[in-house]
>>> print(open('my_file_0.cif').read())   # mmCIF, C-alpha atoms
data_my_file
loop_
_atom_site.label_atom_id
_atom_site.label_comp_id
_atom_site.auth_asym_id
_atom_site.auth_seq_id
_atom_site.Cartn_x
_atom_site.Cartn_y
_atom_site.Cartn_z
CA MET C 28 -87.31 204.65 32.80
CA GLY C 29 -84.91 205.84 35.47
CA ASN C 30 -81.31 206.66 34.64
CA THR C 31 -79.80 206.49 38.13
CA ILE C 32 -78.68 203.52 40.18
CA LEU C 33 -79.17 204.45 43.83
CA LYS C 34 -76.48 202.97 46.05
CA ALA C 35 -78.82 203.14 49.07
CA ASP C 36 -81.40 200.90 47.36
CA ILE C 37 -78.79 198.27 46.50
CA GLU C 38 -77.25 198.45 49.97
CA ASN C 39 -80.65 198.04 51.66
CA LEU C 40 -81.33 194.88 49.67
CA LEU C 41 -77.87 193.48 50.38
CA ALA C 42 -78.42 194.12 54.10
CA LYS C 43 -81.26 191.57 53.81
CA ASP C 44 -78.99 189.20 51.82
CA GLY C 45 -81.06 189.88 48.70
CA ASP C 46 -84.15 188.28 50.23
CA ILE C 47 -86.79 187.98 47.51
CA PHE C 48 -89.55 188.49 50.08
CA THR C 49 -88.66 192.20 50.02
CA LEU C 50 -89.48 192.40 46.29
CA ILE C 51 -92.67 190.40 45.85
CA ALA C 52 -96.20 191.33 46.82
CA PRO C 53 -97.65 189.99 50.11
CA GLU C 54 -99.99 187.63 48.23
CA GLU C 55 -97.08 185.97 46.43
CA ALA C 56 -94.92 185.95 49.56
CA ASN C 57 -97.64 184.15 51.51
CA ALA C 58 -98.16 181.66 48.67
CA LEU C 59 -94.41 181.00 48.63
CA LYS C 60 -94.33 180.38 52.38
CA ARG C 61 -97.32 178.03 52.19
CA MET C 62 -95.81 176.12 49.29
CA ILE C 63 -92.45 175.66 51.03
CA PHE C 64 -94.13 174.54 54.27
CA ALA C 65 -96.53 172.16 52.52
CA ASN C 66 -93.71 170.50 50.57
CA LYS C 67 -90.96 170.49 53.17
CA THR C 68 -91.02 166.68 53.39
CA LYS C 69 -90.40 166.39 49.64
CA TRP C 70 -86.96 167.98 49.56
CA THR C 71 -84.27 165.97 51.27
CA LYS C 72 -81.32 168.16 50.37
CA ILE C 73 -80.96 171.93 50.47
CA SER C 74 -80.12 172.10 46.74
CA ALA C 75 -83.61 170.75 45.95
CA LEU C 76 -85.40 173.72 47.53
CA PRO C 77 -84.48 176.49 45.05
CA ASP C 78 -85.23 174.18 42.12
CA MET C 79 -88.61 173.26 43.61
CA VAL C 80 -89.52 176.90 44.24
CA TYR C 81 -88.37 177.94 40.77
CA LYS C 82 -90.42 175.24 39.01
CA GLU C 83 -93.54 176.13 41.02
CA PHE C 84 -93.36 179.81 40.13
CA GLU C 85 -92.28 179.20 36.54
CA THR C 86 -95.40 177.05 36.11
CA LYS C 87 -97.56 179.87 37.47
CA MET C 88 -95.88 182.36 35.13
CA ARG C 89 -96.38 180.12 32.09
CA GLN C 90 -100.06 179.73 32.98
CA ASP C 91 -100.45 183.52 32.98
CA CYS C 92 -98.17 184.35 30.03
CA ILE C 93 -96.97 183.19 26.65
CA VAL C 94 -93.30 182.40 27.28
CA SER C 95 -90.90 181.67 24.44
CA GLU C 96 -87.19 181.00 24.28
CA ILE C 97 -86.00 182.41 20.96
CA LYS C 98 -83.16 184.24 19.29
CA LEU C 99 -83.68 187.94 20.01
CA ILE C 100 -82.99 190.07 16.93
CA ASN C 101 -82.61 193.27 18.95
CA PRO C 102 -81.79 192.27 22.53
CA PRO C 103 -81.61 194.97 25.22
CA ALA C 104 -78.24 196.74 25.36
CA ALA C 105 -78.05 196.34 29.14
CA GLY C 106 -79.20 193.67 31.53
CA PRO C 107 -80.36 190.14 30.75
CA HIS C 108 -81.78 189.44 27.32
CA ILE C 109 -85.41 189.21 28.42
CA LEU C 110 -88.40 191.10 26.97
CA TYR C 111 -91.86 191.60 28.49
CA GLU C 112 -94.62 192.64 26.08
CA GLU C 113 -98.32 193.23 26.69
CA ARG C 114 -100.70 192.55 23.81
CA GLY C 115 -104.36 192.90 24.61
CA SER C 116 -105.03 190.86 27.72
CA ARG C 117 -101.98 188.61 27.38
CA MET C 118 -98.41 189.02 28.55
CA TYR C 119 -95.66 187.74 26.25
CA ILE C 120 -92.21 187.00 27.66
CA LYS C 121 -89.30 186.45 25.30
CA ILE C 122 -86.06 184.98 26.60
CA SER C 123 -82.87 184.75 24.55
CA ASP C 124 -82.09 181.08 23.93
CA SER C 125 -78.35 181.67 23.70
CA GLN C 126 -76.51 178.93 25.62
CA SER C 127 -73.19 180.74 25.97
CA PRO C 128 -71.71 180.90 28.53
CA ARG C 129 -72.76 177.55 29.98
CA GLY C 130 -75.78 177.89 32.28
CA ILE C 131 -76.84 181.36 31.09
CA LEU C 132 -80.21 180.20 29.69
CA HIS C 133 -81.29 178.69 33.01
CA TYR C 134 -80.16 181.87 34.76
CA ARG C 135 -82.18 184.07 32.36
CA LYS C 136 -85.26 181.89 32.88
CA CYS C 137 -84.95 182.38 36.64
CA LEU C 138 -84.54 186.13 36.16
CA ALA C 139 -87.66 186.16 33.99
CA VAL C 140 -89.66 184.55 36.81
CA VAL C 141 -88.41 187.01 39.44
CA GLY C 142 -88.91 189.94 37.07
CA TYR C 143 -92.48 188.87 36.39
CA PHE C 144 -93.53 188.43 40.01
CA ALA C 145 -91.58 191.43 41.34
CA GLY C 146 -92.14 193.89 38.51
CA ILE C 147 -95.17 192.90 36.44
CA LYS C 148 -97.51 191.09 38.81
CA GLY C 149 -96.47 192.39 42.22
CA LYS C 150 -95.65 196.01 41.24
CA VAL C 151 -93.06 196.18 44.02
CA ILE C 152 -90.67 197.12 41.24
CA ASP C 153 -92.48 199.37 38.77
CA PRO C 154 -91.13 199.23 35.18
CA ALA C 155 -92.13 201.84 32.62
CA LEU C 156 -94.78 200.73 30.11
CA ASN C 157 -94.27 202.13 26.61
CA LYS C 158 -96.43 200.93 23.69
CA GLY C 159 -96.98 197.57 25.31
CA ASN C 160 -93.32 197.05 26.25
CA TYR C 161 -92.22 196.92 29.88
CA ASN C 162 -88.87 198.61 30.38
CA PHE C 163 -86.91 197.89 33.55
CA SER C 164 -84.23 200.37 34.57
CA ASP C 165 -80.69 199.21 35.25
CA GLU C 166 -81.36 199.47 39.00
CA ASP C 167 -84.53 197.38 38.59
CA TRP C 168 -82.54 194.60 36.91
CA ILE C 169 -79.78 194.76 39.51
CA ARG C 170 -82.32 194.31 42.31
CA ILE C 171 -84.12 191.53 40.41
CA SER C 172 -80.79 189.79 39.76
CA ILE C 173 -79.72 189.99 43.41
CA ALA C 174 -83.04 188.42 44.45
CA ALA C 175 -82.77 185.71 41.79
CA ARG C 176 -79.28 184.79 42.97
CA TYR C 177 -80.59 184.66 46.55
CA CYS C 178 -83.13 182.07 45.37
CA LEU C 179 -80.64 180.03 43.35
CA MET C 180 -77.95 180.05 46.05
CA PRO C 181 -79.52 180.38 49.51
CA ALA C 182 -77.23 180.85 52.51
CA LYS C 183 -77.54 177.23 53.68
CA PHE C 184 -76.62 175.95 50.24
CA ILE C 185 -73.49 178.14 50.14
CA GLN C 186 -72.55 176.91 53.62
CA LYS C 187 -72.97 173.28 52.55
CA VAL C 188 -70.69 173.70 49.51
CA LEU C 189 -68.18 175.57 51.67
CA LEU C 190 -68.06 172.74 54.22
CA MET C 191 -67.75 170.16 51.45
CA THR C 192 -64.81 172.06 49.98
CA GLN C 193 -63.16 172.41 53.39
CA MET C 194 -63.51 168.68 54.10
CA TYR C 195 -61.94 167.77 50.77
CA ASP C 196 -59.19 170.35 51.22
CA GLU C 197 -58.28 168.98 54.65
CA SER C 198 -58.28 165.35 53.52
CA ASN C 199 -56.30 165.95 50.34
CA ASN C 200 -52.63 165.66 51.21
CA THR C 201 -51.33 165.73 47.66
CA ALA C 202 -49.90 168.83 46.07
CA ARG C 203 -52.69 171.24 45.16
CA SER C 204 -52.87 172.90 41.79
CA LYS C 205 -55.64 175.25 42.95
CA SER C 206 -56.13 177.46 45.96
CA PHE C 207 -58.98 176.80 48.39
CA LYS C 208 -60.80 179.85 47.00
CA GLU C 209 -60.53 178.55 43.44
CA SER C 210 -61.76 175.11 44.51
CA PHE C 211 -64.72 176.64 46.32
CA ILE C 212 -65.71 178.67 43.25
CA ASP C 213 -65.36 175.60 41.02
CA ASN C 214 -67.57 173.57 43.37
CA MET C 215 -70.22 176.31 43.44
CA VAL C 216 -70.23 176.46 39.64
CA PHE C 217 -70.45 172.67 39.40
CA GLN C 218 -73.29 172.40 41.94
CA THR C 219 -75.36 175.27 40.49
CA LYS C 220 -74.50 174.84 36.78
CA LEU C 221 -74.45 178.64 36.54
CA PRO C 222 -71.85 180.91 34.88
CA GLU C 223 -68.90 181.71 37.14
CA TRP C 224 -69.63 185.45 37.19
CA VAL C 225 -73.16 184.72 38.49
CA VAL C 226 -71.72 182.62 41.31
CA MET C 227 -69.12 185.29 42.07
CA SER C 228 -71.83 187.96 42.20
CA ARG C 229 -73.76 185.96 44.81
CA LEU C 230 -70.65 185.33 46.92
CA TYR C 231 -69.74 189.03 46.92
CA GLU C 232 -73.35 189.81 47.92
CA HIS C 233 -73.47 187.16 50.64
CA ALA C 234 -70.25 188.57 52.11
CA TYR C 235 -72.44 191.40 53.43
CA ASN C 236 -74.18 188.87 55.70
CA SER C 237 -71.56 186.18 56.35
CA GLU C 238 -68.24 186.83 58.10
CA GLU C 239 -67.04 183.41 56.95
CA ILE C 240 -67.65 184.24 53.28
CA ALA C 241 -66.30 187.77 53.77
CA ALA C 242 -63.01 186.22 54.99
CA ILE C 243 -62.68 184.48 51.61
CA PHE C 244 -64.31 187.17 49.45
CA PRO C 245 -63.65 190.53 51.15
CA LYS C 246 -66.64 192.84 50.98
CA LYS C 247 -66.64 195.09 47.97
CA SER C 248 -67.92 198.62 48.33
CA ILE C 249 -71.29 199.29 46.72
CA GLU C 250 -69.51 201.18 43.95
CA GLU C 251 -67.14 198.25 43.29
CA LEU C 252 -70.03 195.80 43.30
CA ILE C 253 -72.02 197.88 40.81
CA ASP C 254 -68.91 198.09 38.61
CA PHE C 255 -68.79 194.26 38.69
CA TYR C 256 -72.45 194.14 37.62
CA LYS C 257 -71.75 196.64 34.83
CA GLU C 258 -68.82 194.57 33.59
CA ASN C 259 -70.98 191.47 33.21
CA GLU C 260 -74.43 192.91 32.38
CA HIS C 261 -73.32 196.10 30.59
CA TYR C 262 -75.31 198.54 32.73
CA ALA C 263 -74.76 202.17 31.77
CA ASP C 264 -76.84 204.23 34.22
CA VAL C 265 -75.00 206.58 36.57
CA VAL C 266 -74.56 205.72 40.25
CA ALA C 267 -75.73 208.11 42.96
#
>>> encode(input="my_file_0.cif", output="structure tokens")
Amino acid sequence: MGNTILKADIENLLAKDGDIFTLIAPEEANALKRMIFANKTKWTKISALPDMVYKEFETKMRQDCIVSEIKLINPPAAGPHILYEERGSRMYIKISDSQSPRGILHYRKCLAVVGYFAGIKGKVIDPALNKGNYNFSDEDWIRISIAARYCLMPAKFIQKVLLMTQMYDESNNTARSKSFKESFIDNMVFQTKLPEWVVMSRLYEHAYNSEEIAAIFPKKSIEELIDFYKENEHYADVVA
């Protein structure tokens, strides 16, 4: 397992807004495109798309693997509390069922799906296999997490919540107890039902591709962004 987080790799992914298509194999990318196109009449609001995509790929993962949500006795020291184990011809995925903070279980389940299709099935990310256990490096998990957040909070969804917040802010003439930035974050958390630090991570990442978001959340340097990841996911690998 690697012990270095390469700034260039993170920056290259952020330049593409964390697009998951850069991390999954062509077969899965084509299946994703076909599925979205075939079902485009079924989602009437932008927030329905990530949920639809997630459920489709989670179903595929659960058909291939034995997936369980349990209390992990020895969870990984860094990164999300997700374990991938290979026993014979079957893949077992264990996801910590801890519900604190609010929304973390759903977030871990999404990470498990991205990790499976990017690192186990697609081999675009190549984890180390040791005695049946797949070990992702800190950089692997950072890239997987960026891609998962891209799926959960696509650019159009962020824009919609931003416009909604702006409309409310302009129409509310009473004294405000919160700043516009705080209201926007609260609305994103409410709409996604994800932990605030997950939402903040995505907004900092999207600032690399949106001047409008960058005006609210000034772009962090790659080093500052990795420090933010380390603070919340306890990564320990050195940055180069």
>>> resolve_selection(input="my_file_0.cif", expression="the PyMOL selection byres ((chain C and resi 146) around 12)", output="ChimeraX atom specification")
/C:50-52,111,138-145,147-156,161-164,167-168,170-171
>>> closest_residue(input="my_file_0.cif", among="C:Met191, C:Ile37, C:Ile47, C:Ile120", to="Tyr177 of chain C", atoms="all atoms listed in the file")
C:Ile47
>>> atom_distance(input="my_file_0.cif", atom1="atom CA of Tyr119 of chain C", atom2="atom CA of Ser95 of chain C")
7.9 Å
>>> closest_residue(input="my_file_0.cif", among="C:Ala234, C:Leu33, C:Met79, C:Ile185", to="Asp264 of chain C", atoms="only C-alpha atoms")
C:Leu33
>>> residues_around(input="my_file_0.cif", residues="Ser206 of chain C", least_positions_apart="6", cutoff="12 Å", atoms="all atoms listed in the file", output="PDB file with C-alpha atoms, in the coordinates of the input")
ATOM      1  CA  THR C 192     -64.810 172.060  49.980  1.00  0.00           C
ATOM      2  CA  GLN C 193     -63.160 172.410  53.390  1.00  0.00           C
ATOM      3  CA  ASP C 196     -59.190 170.350  51.220  1.00  0.00           C
ATOM      4  CA  ILE C 212     -65.710 178.670  43.250  1.00  0.00           C
ATOM      5  CA  ASP C 213     -65.360 175.600  41.020  1.00  0.00           C
ATOM      6  CA  ILE C 243     -62.680 184.480  51.610  1.00  0.00           C
TER       7      ILE C 243
END
>>> residues_around(input="my_file_0.cif", residues="Leu230 of chain C", least_positions_apart="3", cutoff="8 Å", atoms="all atoms listed in the file", output="list in words")
Val226, Met227, His233, Ala234, Ile240 and Phe244 of chain C
>>> atom_distance(input="my_file_0.cif", atom1="atom CA of Ile97 of chain C", atom2="atom CA of Asp124 of chain C")
5.1 Å
>>> resolve_selection(input="my_file_0.cif", expression="the PyMOL selection byres ((chain C and resi 219) around 12)", output="PyMOL selection string")
chain C and resi 73-75+77-78+129-131+133-134+176+178-181+184-185+188+212-218+220-223+225-227+229
>>> resolve_selection(input="my_file_0.cif", expression="the PyMOL selection byres ((chain C and resi 83) around 12)", output="list in words")
Glu55, Ala58, Leu59, Arg61, Met62, Ile63, Asn66, Leu76, Pro77, Asp78, Met79, Val80, Tyr81, Lys82, Phe84, Glu85, Thr86, Lys87, Met88, Arg89, Gln90, Cys137 and Val140 of chain C
>>> atom_distance(input="my_file_0.cif", atom1="atom CA of Leu99 of chain C", atom2="atom CA of Ile253 of chain C")
25.8 Å
>>> residues_around(input="my_file_0.cif", residues="Gly115 of chain C", least_positions_apart="5", cutoff="12 Å", atoms="all atoms listed in the file", output="list in words")
Cys92, Lys158, Gly159 and Asn160 of chain C
>>> axis_aligned_box(input="my_file_0.cif", around="segment 50-63 of chain C", padding_each_side="3 Å", output="lines of an AutoDock Vina configuration file")
center_x = -94.7
center_y = 184.0
center_z = 49.1
size_x = 16.5
size_y = 22.7
size_z = 12.5
